[in-house]
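What's in final11.cif: mmCIF, C-alpha atoms
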data_upload
#
loop_
_atom_site.label_atom_id
_atom_site.label_comp_id
_atom_site.auth_asym_id
_atom_site.auth_seq_id
_atom_site.Cartn_x
_atom_site.Cartn_y
_atom_site.Cartn_z
CA MET L 26 56.68 6.42 -172.45
CA ALA L 27 59.30 7.52 -169.96
CA GLU L 28 61.03 4.99 -167.74
CA VAL L 29 62.36 6.09 -164.34
CA ARG L 30 65.69 4.73 -163.16
CA GLU L 31 66.94 5.53 -159.66
CA THR L 32 70.67 5.70 -158.89
CA GLY L 33 71.39 6.56 -155.27
CA ARG L 34 69.36 9.67 -154.56
CA VAL L 35 69.16 10.85 -158.18
CA ARG L 36 66.32 9.76 -160.42
CA PHE L 37 66.79 9.75 -164.19
CA ALA L 38 63.95 9.61 -166.69
CA GLU L 39 64.74 7.57 -169.80
CA ARG L 40 62.49 8.09 -172.76
CA SER L 41 61.72 5.07 -174.91
CA ILE L 42 62.54 5.26 -178.62
CA LEU L 43 59.06 3.96 -179.49
CA PRO L 44 55.92 5.94 -178.67
CA GLY L 45 53.71 5.07 -175.72
CA LEU L 46 51.55 1.99 -175.37
CA GLY L 47 48.38 3.70 -176.53
CA PRO L 48 49.59 5.01 -179.92
CA SER L 49 51.68 1.89 -180.60
CA LEU L 50 48.85 -0.49 -179.80
CA GLY L 51 46.38 1.59 -181.78
CA PHE L 52 48.58 1.62 -184.86
CA THR L 53 49.22 -2.12 -184.52
CA LEU L 54 45.53 -2.97 -184.29
CA PHE L 55 44.71 -0.64 -187.18
CA TYR L 56 47.39 -2.17 -189.41
CA LEU L 57 46.46 -5.77 -188.57
CA GLY L 58 42.79 -4.99 -189.01
CA LEU L 59 43.35 -3.37 -192.40
CA VAL L 60 45.74 -6.00 -193.79
CA VAL L 61 44.55 -9.22 -192.12
CA LEU L 62 41.20 -9.01 -190.33
CA LEU L 63 39.28 -6.96 -192.91
CA PRO L 64 39.86 -9.36 -195.85
CA LEU L 65 39.19 -12.41 -193.68
CA GLY L 66 36.08 -10.77 -192.26
CA GLY L 67 34.87 -10.10 -195.80
CA LEU L 68 35.39 -13.77 -196.65
CA LEU L 69 33.41 -14.92 -193.61
CA LEU L 70 30.68 -12.38 -194.33
CA ARG L 71 30.35 -13.67 -197.88
CA ALA L 72 30.36 -17.26 -196.59
CA ALA L 73 27.46 -16.37 -194.29
CA GLY L 74 25.37 -15.68 -197.38
CA VAL L 75 25.90 -19.20 -198.75
CA SER L 76 23.09 -21.59 -197.98
CA GLY L 77 23.94 -24.41 -195.62
CA GLU L 78 22.95 -27.07 -198.15
CA HIS L 79 25.12 -25.61 -200.88
CA PHE L 80 28.03 -25.15 -198.46
CA VAL L 81 27.94 -28.74 -197.24
CA SER L 82 27.47 -30.20 -200.73
CA THR L 83 30.44 -28.19 -202.03
CA VAL L 84 32.94 -28.93 -199.29
CA THR L 85 31.99 -32.63 -199.10
CA SER L 86 31.81 -33.36 -202.82
CA PRO L 87 34.05 -36.21 -204.05
CA ARG L 88 36.19 -33.76 -206.02
CA ALA L 89 36.70 -31.53 -202.98
CA LEU L 90 37.52 -34.48 -200.71
CA ALA L 91 40.08 -35.74 -203.24
CA SER L 92 41.68 -32.30 -203.32
CA TYR L 93 41.84 -32.23 -199.49
CA ARG L 94 43.56 -35.59 -199.40
CA LEU L 95 46.16 -34.46 -201.91
CA SER L 96 46.74 -30.99 -200.43
CA PHE L 97 47.02 -32.10 -196.82
CA GLY L 98 48.69 -35.43 -197.54
CA ALA L 99 51.34 -33.91 -199.82
CA ALA L 100 51.92 -31.05 -197.35
CA PHE L 101 52.54 -33.47 -194.48
CA ALA L 102 54.73 -35.69 -196.67
CA GLY L 103 56.81 -32.72 -197.81
CA GLY L 104 57.08 -31.49 -194.22
CA ALA L 105 58.26 -34.92 -193.06
CA VAL L 106 60.94 -35.04 -195.76
CA ASN L 107 62.09 -31.55 -194.80
CA ALA L 108 62.13 -32.46 -191.11
CA VAL L 109 64.77 -35.10 -191.88
CA PHE L 110 66.88 -33.41 -194.52
CA GLY L 111 66.34 -29.91 -193.13
CA LEU L 112 67.79 -31.08 -189.82
CA ILE L 113 70.77 -32.58 -191.64
CA THR L 114 71.28 -29.38 -193.63
CA ALA L 115 71.14 -27.20 -190.52
CA TRP L 116 73.56 -29.55 -188.75
CA VAL L 117 76.08 -29.36 -191.59
CA LEU L 118 75.85 -25.57 -191.83
CA VAL L 119 76.33 -25.08 -188.08
CA ARG L 120 78.76 -27.81 -187.08
CA TYR L 121 81.17 -27.85 -190.05
CA ARG L 122 83.33 -25.32 -191.87
CA PHE L 123 84.03 -25.99 -195.54
CA PRO L 124 84.52 -24.08 -198.82
CA GLY L 125 81.23 -22.83 -200.23
CA ARG L 126 79.42 -22.98 -196.88
CA ARG L 127 78.11 -19.41 -197.16
CA PHE L 128 76.88 -20.06 -200.68
CA ILE L 129 74.95 -23.14 -199.55
CA ASP L 130 73.60 -21.19 -196.58
CA ALA L 131 72.30 -18.51 -198.95
CA LEU L 132 70.94 -21.17 -201.32
CA VAL L 133 68.61 -22.41 -198.58
CA ASP L 134 66.66 -19.13 -198.81
CA LEU L 135 66.19 -19.40 -202.59
CA PRO L 136 62.63 -20.81 -202.34
CA PHE L 137 61.71 -17.70 -200.33
CA ALA L 138 62.96 -15.30 -203.01
CA LEU L 139 62.06 -17.28 -206.13
CA PRO L 140 58.61 -16.53 -207.60
CA THR L 141 56.44 -19.59 -207.18
CA ALA L 142 55.54 -19.72 -210.88
CA VAL L 143 59.23 -19.75 -211.79
CA ALA L 144 59.82 -22.50 -209.24
CA GLY L 145 56.97 -24.52 -210.74
CA ILE L 146 58.33 -24.22 -214.28
CA ALA L 147 61.85 -25.13 -213.12
CA LEU L 148 60.63 -28.16 -211.16
CA THR L 149 58.50 -29.35 -214.07
CA THR L 150 61.42 -29.03 -216.46
CA ALA L 151 63.72 -30.98 -214.16
CA TRP L 152 61.29 -33.72 -213.08
CA SER L 153 59.34 -34.26 -216.32
CA PRO L 154 59.91 -37.61 -218.11
CA GLY L 155 62.44 -35.94 -220.40
CA GLY L 156 64.08 -33.83 -217.70
CA LEU L 157 67.44 -34.22 -216.05
CA LEU L 158 66.00 -35.77 -212.88
CA GLY L 159 62.82 -37.22 -214.33
CA ARG L 160 64.44 -39.28 -217.10
CA PRO L 161 66.22 -41.76 -214.80
CA LEU L 162 63.01 -42.19 -212.79
CA ALA L 163 60.98 -42.70 -215.97
CA GLU L 164 63.36 -45.50 -217.00
CA LEU L 165 62.54 -47.16 -213.67
CA GLY L 166 58.82 -46.77 -214.29
CA ILE L 167 58.40 -43.89 -211.82
CA ALA L 168 56.61 -40.76 -213.05
CA ALA L 169 57.44 -37.75 -210.91
CA ALA L 170 55.79 -34.91 -212.80
CA TYR L 171 52.03 -34.90 -213.42
CA ASN L 172 51.55 -37.23 -210.46
CA PRO L 173 50.96 -36.80 -206.71
CA LEU L 174 54.70 -37.34 -206.32
CA GLY L 175 55.26 -34.10 -208.21
CA VAL L 176 53.10 -32.24 -205.71
CA VAL L 177 55.18 -33.64 -202.83
CA ILE L 178 58.38 -32.58 -204.63
CA ALA L 179 57.09 -29.03 -205.10
CA LEU L 180 55.97 -28.70 -201.47
CA THR L 181 59.29 -30.11 -200.28
CA PHE L 182 61.08 -27.47 -202.31
CA ILE L 183 59.13 -24.52 -200.90
CA GLY L 184 59.11 -25.86 -197.32
CA LEU L 185 62.82 -26.52 -196.81
CA PRO L 186 63.78 -23.01 -195.57
CA PHE L 187 61.21 -23.13 -192.78
CA VAL L 188 62.81 -26.16 -191.16
CA VAL L 189 66.42 -25.09 -191.67
CA ARG L 190 65.92 -21.52 -190.45
CA THR L 191 63.96 -22.69 -187.42
CA VAL L 192 66.46 -25.34 -186.32
CA GLN L 193 69.66 -23.48 -187.23
CA PRO L 194 69.63 -20.76 -184.51
CA VAL L 195 68.72 -23.30 -181.82
CA LEU L 196 71.59 -25.51 -182.91
CA GLU L 197 73.97 -22.55 -182.90
CA ASP L 198 73.02 -21.65 -179.32
CA LEU L 199 73.22 -25.24 -178.10
CA GLU L 200 75.98 -25.76 -175.56
CA ARG L 201 78.54 -28.42 -176.43
CA ASP L 202 79.34 -29.26 -172.79
CA SER L 203 76.62 -31.91 -172.50
CA GLU L 204 77.75 -33.62 -175.70
CA GLU L 205 81.36 -33.62 -174.54
CA ALA L 206 80.34 -35.00 -171.14
CA ALA L 207 78.37 -37.80 -172.81
CA ALA L 208 81.39 -38.65 -174.97
CA VAL L 209 83.65 -38.74 -171.91
CA LEU L 210 81.22 -41.12 -170.19
CA GLY L 211 81.51 -43.52 -173.12
CA ALA L 212 78.40 -42.70 -175.16
CA SER L 213 78.65 -43.23 -178.88
CA ARG L 214 77.95 -40.41 -181.33
CA LEU L 215 74.53 -41.84 -182.10
CA GLN L 216 73.65 -42.18 -178.42
CA THR L 217 74.83 -38.64 -177.76
CA PHE L 218 72.70 -37.30 -180.58
CA LEU L 219 69.56 -39.25 -179.67
CA ARG L 220 69.70 -38.68 -175.90
CA VAL L 221 71.38 -35.28 -175.57
CA THR L 222 71.19 -33.22 -178.74
CA PHE L 223 67.92 -34.27 -180.36
CA PRO L 224 65.68 -33.62 -177.31
CA ALA L 225 66.91 -30.02 -177.28
CA LEU L 226 66.23 -29.65 -181.01
CA ALA L 227 62.86 -31.42 -181.05
CA PRO L 228 60.65 -28.37 -180.24
CA ALA L 229 62.30 -26.26 -182.96
CA LEU L 230 62.14 -29.15 -185.41
CA LEU L 231 58.42 -29.63 -184.77
CA THR L 232 57.84 -25.90 -185.20
CA GLY L 233 59.69 -25.91 -188.53
CA PHE L 234 57.73 -28.96 -189.62
CA SER L 235 54.44 -27.23 -188.76
CA LEU L 236 55.45 -24.08 -190.64
CA ALA L 237 56.40 -26.13 -193.71
CA VAL L 238 53.06 -27.98 -193.60
CA ALA L 239 51.09 -24.76 -193.18
CA ARG L 240 52.94 -23.22 -196.12
CA GLY L 241 52.38 -26.29 -198.26
CA ILE L 242 48.64 -26.50 -197.64
CA GLY L 243 48.02 -23.16 -199.32
CA GLU L 244 50.69 -23.39 -202.04
CA TYR L 245 49.51 -22.84 -205.60
CA GLY L 246 52.08 -21.39 -208.01
CA SER L 247 54.83 -24.01 -207.74
CA VAL L 248 52.34 -26.92 -207.77
CA VAL L 249 50.02 -25.99 -210.61
CA PHE L 250 52.63 -26.72 -213.30
CA ILE L 251 54.11 -29.98 -212.03
CA SER L 252 50.88 -31.59 -210.81
CA GLY L 253 49.06 -31.86 -214.13
CA ASN L 254 45.83 -30.57 -212.51
CA MET L 255 43.78 -33.71 -213.13
CA PRO L 256 40.53 -33.70 -211.10
CA MET L 257 40.23 -36.48 -208.51
CA ARG L 258 43.91 -37.28 -208.92
CA THR L 259 46.36 -34.37 -208.99
CA GLU L 260 44.11 -31.37 -208.29
CA ILE L 261 44.94 -29.43 -205.12
CA THR L 262 42.35 -27.44 -203.19
CA PRO L 263 43.70 -23.96 -204.09
CA LEU L 264 43.44 -24.92 -207.77
CA LEU L 265 39.86 -26.09 -207.22
CA VAL L 266 39.08 -22.70 -205.69
CA MET L 267 40.49 -21.01 -208.81
CA THR L 268 38.44 -23.34 -211.00
CA LYS L 269 35.27 -22.38 -209.13
CA LEU L 270 36.07 -18.71 -209.63
CA GLU L 271 36.65 -19.21 -213.36
CA GLN L 272 33.25 -20.90 -213.53
CA TYR L 273 31.67 -17.94 -211.69
CA ASP L 274 30.76 -20.24 -208.81
CA TYR L 275 31.64 -17.68 -206.17
CA ALA L 276 29.62 -19.43 -203.47
CA GLY L 277 31.49 -22.69 -204.03
CA ALA L 278 34.85 -20.94 -204.07
CA THR L 279 33.96 -19.16 -200.84
CA ALA L 280 32.96 -22.42 -199.15
CA LEU L 281 36.25 -24.09 -200.07
CA ALA L 282 38.15 -20.98 -198.98
CA VAL L 283 36.49 -21.13 -195.56
CA VAL L 284 37.61 -24.74 -195.16
CA MET L 285 41.19 -23.78 -195.99
CA LEU L 286 40.94 -20.80 -193.64
CA GLY L 287 39.85 -23.09 -190.82
CA ALA L 288 42.76 -25.43 -191.54
CA SER L 289 45.15 -22.47 -191.48
CA PHE L 290 43.85 -21.37 -188.08
CA LEU L 291 44.32 -24.88 -186.71
CA MET L 292 47.89 -24.97 -188.01
CA LEU L 293 48.52 -21.53 -186.50
CA LEU L 294 47.23 -22.78 -183.15
CA ALA L 295 49.50 -25.82 -183.36
CA ILE L 296 52.51 -23.63 -184.20
CA ASN L 297 51.81 -21.31 -181.26
CA LEU L 298 51.52 -24.27 -178.88
CA LEU L 299 54.78 -25.71 -180.17
CA GLN L 300 56.54 -22.37 -179.79
CA ARG L 301 55.25 -22.10 -176.22
CA TRP L 302 56.59 -25.59 -175.55
CA GLN L 303 59.90 -24.58 -177.09
CA ARG L 304 60.18 -21.55 -174.79
CA ARG L 305 59.43 -23.66 -171.72
CA ALA L 306 61.97 -26.27 -172.76
CA ALA L 307 64.68 -23.66 -173.33
#
Structure re-expressed in structure tokens:
Amino acid sequence: MAEVRETGRVRFAERSILPGLGPSLGFTLFYLGLVVLLPLGGLLLRAAGVSGEHFVSTVTSPRALASYRLSFGAAFAGGAVNAVFGLITAWVLVRYRFPGRRFIDALVDLPFALPTAVAGIALTTAWSPGGLLGRPLAELGIAAAYNPLGVVIALTFIGLPFVVRTVQPVLEDLERDSEEAAAVLGASRLQTFLRVTFPALAPALLTGFSLAVARGIGEYGSVVFISGNMPMRTEITPLLVMTKLEQYDYAGATALAVVMLGASFLMLLAINLLQRWQRRAA
């Protein structure tokens, strides 16, 4: 689409690099429909064929409710841990210069690049009773692997980059004038952080927390090894869906998948609202 720019009495037509609105929008809708909407529509269409009684009995069974509690509870716990330590990590990477900083900055993205199954095996090896990190805890009577704690550890591992990468650019763009003014007026470092810096970081931190929780709710590969997969205790909802499929209970798997899909949409709505709040606060 051409854009007209007028300079004095001469008008220049500047052509955009991208094609016009019609072709661009059409391609975008086609791609999103093919990749996202078509599979989700197929899931909802299949769910429509499940009887209401079977749907309700499946999604409200004691085993399903136990898996919800673990999946959502562990996701929120992992997100909360990442909200604290992810903020600290982003702060260190932005505000300080030290040897190995770039290596640590690249290390933050490792959970993105590492296959989830590999991450699960590595976490299980490290946190098992005989592992490097699990042995000291086992001596204290704390079992990390094959317990709900192991699920929280796995979801903390895969959720860390979301918090760091969401907070880091906001912290980099944050002006230091307000902090310096607060210091000149006699505010302590803690007061400056709580009253000046943190309010500016709060929207980004909440967005990163929501992304980490949303990612953790649907995580499967890194959890299935370290959790132990014990029904009613360490079984997450995605694993229960896989179990239903292995038992050829496609209707039950579809019902549970619809519940997880609804939870994902709610998390997406929360993330969009937080991002809108972040833009207004900027």
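Residue nearest Pro194 in chain L within the list L:Leu286, L:Ala73, L:Leu158, L:Leu118: L:Leu118 [criterion: smallest interatomic distance, only C-alpha atoms].
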Between L:Ile261, L:Leu293, L:Ala280, L:Val106, which one has atoms that come closest to Ala72 in chain L, using all atoms listed in the file?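 Looking at the shortest contact to Ala72 in chain L, the residue is L:Ala280.
Distance-wise, CA of Arg120 in chain L and CA of Phe218 in chain L end up 13.0 Å apart.
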My list of candidates is L:Gly111, L:Gly246, L:Gly253, L:Gly287. Which is closest to Thr191 in chain L when distances are computed with all atoms listed in the file?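 Between L:Gly111, L:Gly246, L:Gly253, L:Gly287, the residue approaching Thr191 in chain L most closely is L:Gly111.
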Name the residues captured by the PyMOL selection byres ((chain L and resi 222-235) around 10) when it is applied to the shown file; answer as an MDAnalysis selection string. chainID L and resid 100:101 103:109 111:112 184:196 199:201 203:204 215:221 236:241 292:293 295:307
Here's a test: counting only C-alpha atoms, identify every protein, DNA and RNA residue with an atom at most 8 Å from (38.8, -37.8, -204.9) in the file's coordinate frame, and state them as a ChimeraX atom specification. /L:87-92,94,256-258
For the atom pair CA of Arg71 in chain L and CA of Thr279 in chain L, what is the interatomic distance in Å to one decimal place?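 Separation of CA of Arg71 in chain L and CA of Thr279 in chain L: 7.2 Å.
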Can you fill out range 60-81 of chain L with N, CA, C and O atoms and hand it back as a short mmCIF file (atom, residue, chain, number, x, y, z; two decimals), in the coordinates of the input?
data_model
loop_
_atom_site.label_atom_id
_atom_site.label_comp_id
_atom_site.auth_asym_id
_atom_site.auth_seq_id
_atom_site.Cartn_x
_atom_site.Cartn_y
_atom_site.Cartn_z
N VAL L 60 45.04 -5.05 -192.92
CA VAL L 60 45.74 -6.00 -193.79
C VAL L 60 45.22 -7.42 -193.62
O VAL L 60 45.14 -8.18 -194.60
N VAL L 61 44.88 -7.82 -192.39
CA VAL L 61 44.55 -9.22 -192.12
C VAL L 61 43.06 -9.41 -191.83
O VAL L 61 42.37 -10.18 -192.51
N LEU L 62 42.55 -8.72 -190.81
CA LEU L 62 41.20 -9.01 -190.33
C LEU L 62 40.12 -8.57 -191.31
O LEU L 62 39.10 -9.25 -191.45
N LEU L 63 40.31 -7.45 -191.99
CA LEU L 63 39.28 -6.96 -192.91
C LEU L 63 39.05 -7.91 -194.08
O LEU L 63 37.89 -8.27 -194.38
N PRO L 64 40.11 -8.38 -194.77
CA PRO L 64 39.86 -9.36 -195.85
C PRO L 64 39.25 -10.66 -195.35
O PRO L 64 38.33 -11.20 -195.99
N LEU L 65 39.74 -11.17 -194.21
CA LEU L 65 39.19 -12.41 -193.68
C LEU L 65 37.74 -12.21 -193.22
O LEU L 65 36.90 -13.10 -193.40
N GLY L 66 37.46 -11.05 -192.64
CA GLY L 66 36.08 -10.77 -192.26
C GLY L 66 35.16 -10.70 -193.47
O GLY L 66 34.02 -11.16 -193.42
N GLY L 67 35.66 -10.13 -194.58
CA GLY L 67 34.87 -10.10 -195.80
C GLY L 67 34.59 -11.49 -196.33
O GLY L 67 33.48 -11.77 -196.82
N LEU L 68 35.59 -12.39 -196.21
CA LEU L 68 35.39 -13.77 -196.65
C LEU L 68 34.32 -14.47 -195.80
O LEU L 68 33.42 -15.13 -196.34
N LEU L 69 34.40 -14.29 -194.49
CA LEU L 69 33.41 -14.92 -193.61
C LEU L 69 32.03 -14.33 -193.82
O LEU L 69 31.02 -15.04 -193.75
N LEU L 70 31.98 -13.02 -194.08
CA LEU L 70 30.68 -12.38 -194.33
C LEU L 70 30.06 -12.91 -195.61
O LEU L 70 28.85 -13.16 -195.66
N ARG L 71 30.87 -13.11 -196.63
CA ARG L 71 30.35 -13.67 -197.88
C ARG L 71 29.93 -15.12 -197.68
O ARG L 71 28.93 -15.58 -198.25
N ALA L 72 30.71 -15.86 -196.85
CA ALA L 72 30.36 -17.26 -196.59
C ALA L 72 29.04 -17.36 -195.85
O ALA L 72 28.30 -18.35 -196.00
N ALA L 73 28.72 -16.35 -195.03
CA ALA L 73 27.46 -16.37 -194.29
C ALA L 73 26.26 -16.30 -195.23
O ALA L 73 25.16 -16.73 -194.86
N GLY L 74 26.47 -15.76 -196.42
CA GLY L 74 25.37 -15.68 -197.38
C GLY L 74 25.17 -16.94 -198.19
O GLY L 74 24.22 -17.02 -198.99
N VAL L 75 26.05 -17.92 -198.03
CA VAL L 75 25.90 -19.20 -198.75
C VAL L 75 24.96 -20.10 -197.97
O VAL L 75 25.08 -20.24 -196.75
N SER L 76 24.03 -20.70 -198.65
CA SER L 76 23.09 -21.59 -197.98
C SER L 76 23.82 -22.79 -197.39
O SER L 76 24.83 -23.26 -197.93
N GLY L 77 23.30 -23.28 -196.27
CA GLY L 77 23.94 -24.41 -195.62
C GLY L 77 24.01 -25.63 -196.50
O GLY L 77 25.02 -26.37 -196.51
N GLU L 78 22.97 -25.90 -197.27
CA GLU L 78 22.95 -27.07 -198.15
C GLU L 78 24.02 -26.97 -199.22
O GLU L 78 24.74 -27.94 -199.50
N HIS L 79 24.12 -25.79 -199.83
CA HIS L 79 25.12 -25.61 -200.88
C HIS L 79 26.54 -25.67 -200.30
O HIS L 79 27.45 -26.24 -200.91
N PHE L 80 26.72 -25.12 -199.11
CA PHE L 80 28.03 -25.15 -198.46
C PHE L 80 28.48 -26.59 -198.20
O PHE L 80 29.59 -26.98 -198.54
N VAL L 81 27.59 -27.36 -197.59
CA VAL L 81 27.94 -28.74 -197.24
C VAL L 81 28.17 -29.57 -198.50
O VAL L 81 29.13 -30.36 -198.58
#
